[in-house]
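I have placed the structure first, in the form of structure tokens, so that the comments after it can refer back to it.
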Amino acid sequence: MKRKKATPTEKRDALLAEMASLRGLLNGSLVQRYSTCARKNCACHTGRRHGPRLYLAATGEGGQRQTYIPAALAERAAEGVAQGRRLRAIVRELTALNLALMREEAGRG
């Protein structure tokens with residue numbers, strides 16, 4: 001038995017449902033940073049710096065902001081960033097589907 005090909009409207013509805021499931025999404029990128037401390041005689045000033053420490057780099061109203069992510073939450077943050085990438089892909093797909101539906105509607109009218 002052959003499966004019926006999904007219509008653009010059905011694809012759109014499926015994408016919108018998937019979008020609603022992206023509850024932990026984070027918009028931005030994960031960045032690892034190394035830093036020096038305030039102690040003047042610490043080895044981090046001449047050699048190996050402290051780190052890596054994980055930050056979420058996200059652009060907001062005042063420009064880019066970096067927010068520290070504790071090591072215990074690194075995996076959760078990575079999943080959130082992946083969900084953010086998926087959301088952007090869904091928006092691109094929805095745009096293409098909606099344009100196709102608009103063209104189809106204009107051709108009928």
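Scheme for the structure tokens: letters A, B, ... for chains in order shown; per-chain residue numbers from 1; ligand numbers from 1 in order shown.
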Write down as a list of chain:residue names the residues belonging to stretch 58-107 of chain A that are assigned strand (DSSP E) by DSSP computed on the backbone.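 Residues meeting the strand (DSSP E) criterion: A:Ala58, A:Thr59, A:Gly60, A:Gly63, A:Gln64, A:Arg65, A:Gln66, A:Thr67, A:Tyr68, A:Ile69.
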Given only C-alpha atoms, how would the per-residue table for stretch 34-98 of chain A near stretch 3-17 of chain A read, listing every residue at most 8 Å away with its closest atom pair and distance in Å to one decimal, sorted by chain and number, as a Markdown table?
| residue | atom | partner | partner_atom | distance |
| --- | --- | --- | --- | --- |
| A:Ile90 | CA | A:Leu15 | CA | 6.4 |
| A:Leu94 | CA | A:Arg12 | CA | 6.2 |
| A:Leu97 | CA | A:Pro8 | CA | 6.1 |
| A:Asn98 | CA | A:Arg12 | CA | 8.0 |
Practice task
Just the residues within 7 Å of A:Arg33, please, counting only C-alpha atoms, with nothing from its chain fewer than 5 positions along; format it as a ChimeraX atom specification.
Solution key: /A:51-54
All alpha helix (DSSP H) residues (DSSP, backbone) inside stretch 37-86 of chain A, as a count of residues only = 13
* Best match for closeness to A:Gly84 among A:Ala38, A:Ala72, A:Ala106, A:Leu25, counting only C-alpha atoms ->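 Of all the options, A:Leu25 lies closest to A:Gly84.
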Do a neighbour search on stretch 61-66 of chain A at 10 Å with only C-alpha atoms, toss out local chain neighbours closer than 2 positions, and write the hits as an mmCIF file with N, CA and C atoms, in the first residue's frame.
data_model
loop_
_atom_site.group_PDB
_atom_site.id
_atom_site.type_symbol
_atom_site.label_atom_id
_atom_site.label_comp_id
_atom_site.auth_asym_id
_atom_site.auth_seq_id
_atom_site.Cartn_x
_atom_site.Cartn_y
_atom_site.Cartn_z
ATOM 1 N N GLY A 28 21.221 31.303 20.057
ATOM 2 C CA GLY A 28 22.592 31.770 20.199
ATOM 3 C C GLY A 28 23.575 30.657 19.914
ATOM 4 N N SER A 29 24.803 30.855 20.345
ATOM 5 C CA SER A 29 25.869 29.877 20.141
ATOM 6 C C SER A 29 26.585 29.632 21.457
ATOM 7 N N LEU A 30 27.100 28.421 21.601
ATOM 8 C CA LEU A 30 27.908 28.120 22.778
ATOM 9 C C LEU A 30 29.361 28.443 22.477
ATOM 10 N N VAL A 31 30.000 29.118 23.418
ATOM 11 C CA VAL A 31 31.377 29.573 23.248
ATOM 12 C C VAL A 31 32.183 29.119 24.459
ATOM 13 N N LEU A 54 32.065 27.674 29.722
ATOM 14 C CA LEU A 54 31.069 27.705 28.661
ATOM 15 C C LEU A 54 30.157 28.917 28.819
ATOM 16 N N TYR A 55 29.903 29.591 27.692
ATOM 17 C CA TYR A 55 29.020 30.755 27.671
ATOM 18 C C TYR A 55 28.045 30.625 26.510
ATOM 19 N N LEU A 56 26.844 31.170 26.693
ATOM 20 C CA LEU A 56 25.886 31.293 25.603
ATOM 21 C C LEU A 56 26.028 32.702 25.060
ATOM 22 N N ALA A 57 26.411 32.812 23.789
ATOM 23 C CA ALA A 57 26.534 34.112 23.132
ATOM 24 C C ALA A 57 25.255 34.346 22.339
ATOM 25 N N ALA A 58 24.526 35.398 22.709
ATOM 26 C CA ALA A 58 23.262 35.710 22.045
ATOM 27 C C ALA A 58 23.193 37.206 21.782
ATOM 28 N N THR A 59 22.634 37.565 20.642
ATOM 29 C CA THR A 59 22.481 38.965 20.288
ATOM 30 C C THR A 59 21.120 39.449 20.756
ATOM 31 N N TYR A 68 27.132 33.050 31.301
ATOM 32 C CA TYR A 68 27.853 31.877 31.788
ATOM 33 C C TYR A 68 26.905 30.694 31.931
ATOM 34 N N ILE A 69 27.351 29.524 31.476
ATOM 35 C CA ILE A 69 26.604 28.273 31.607
ATOM 36 C C ILE A 69 27.413 27.357 32.524
#
note - atom CA of A:Glu18 and atom CA of A:Met102 are separated by 22.2 Å
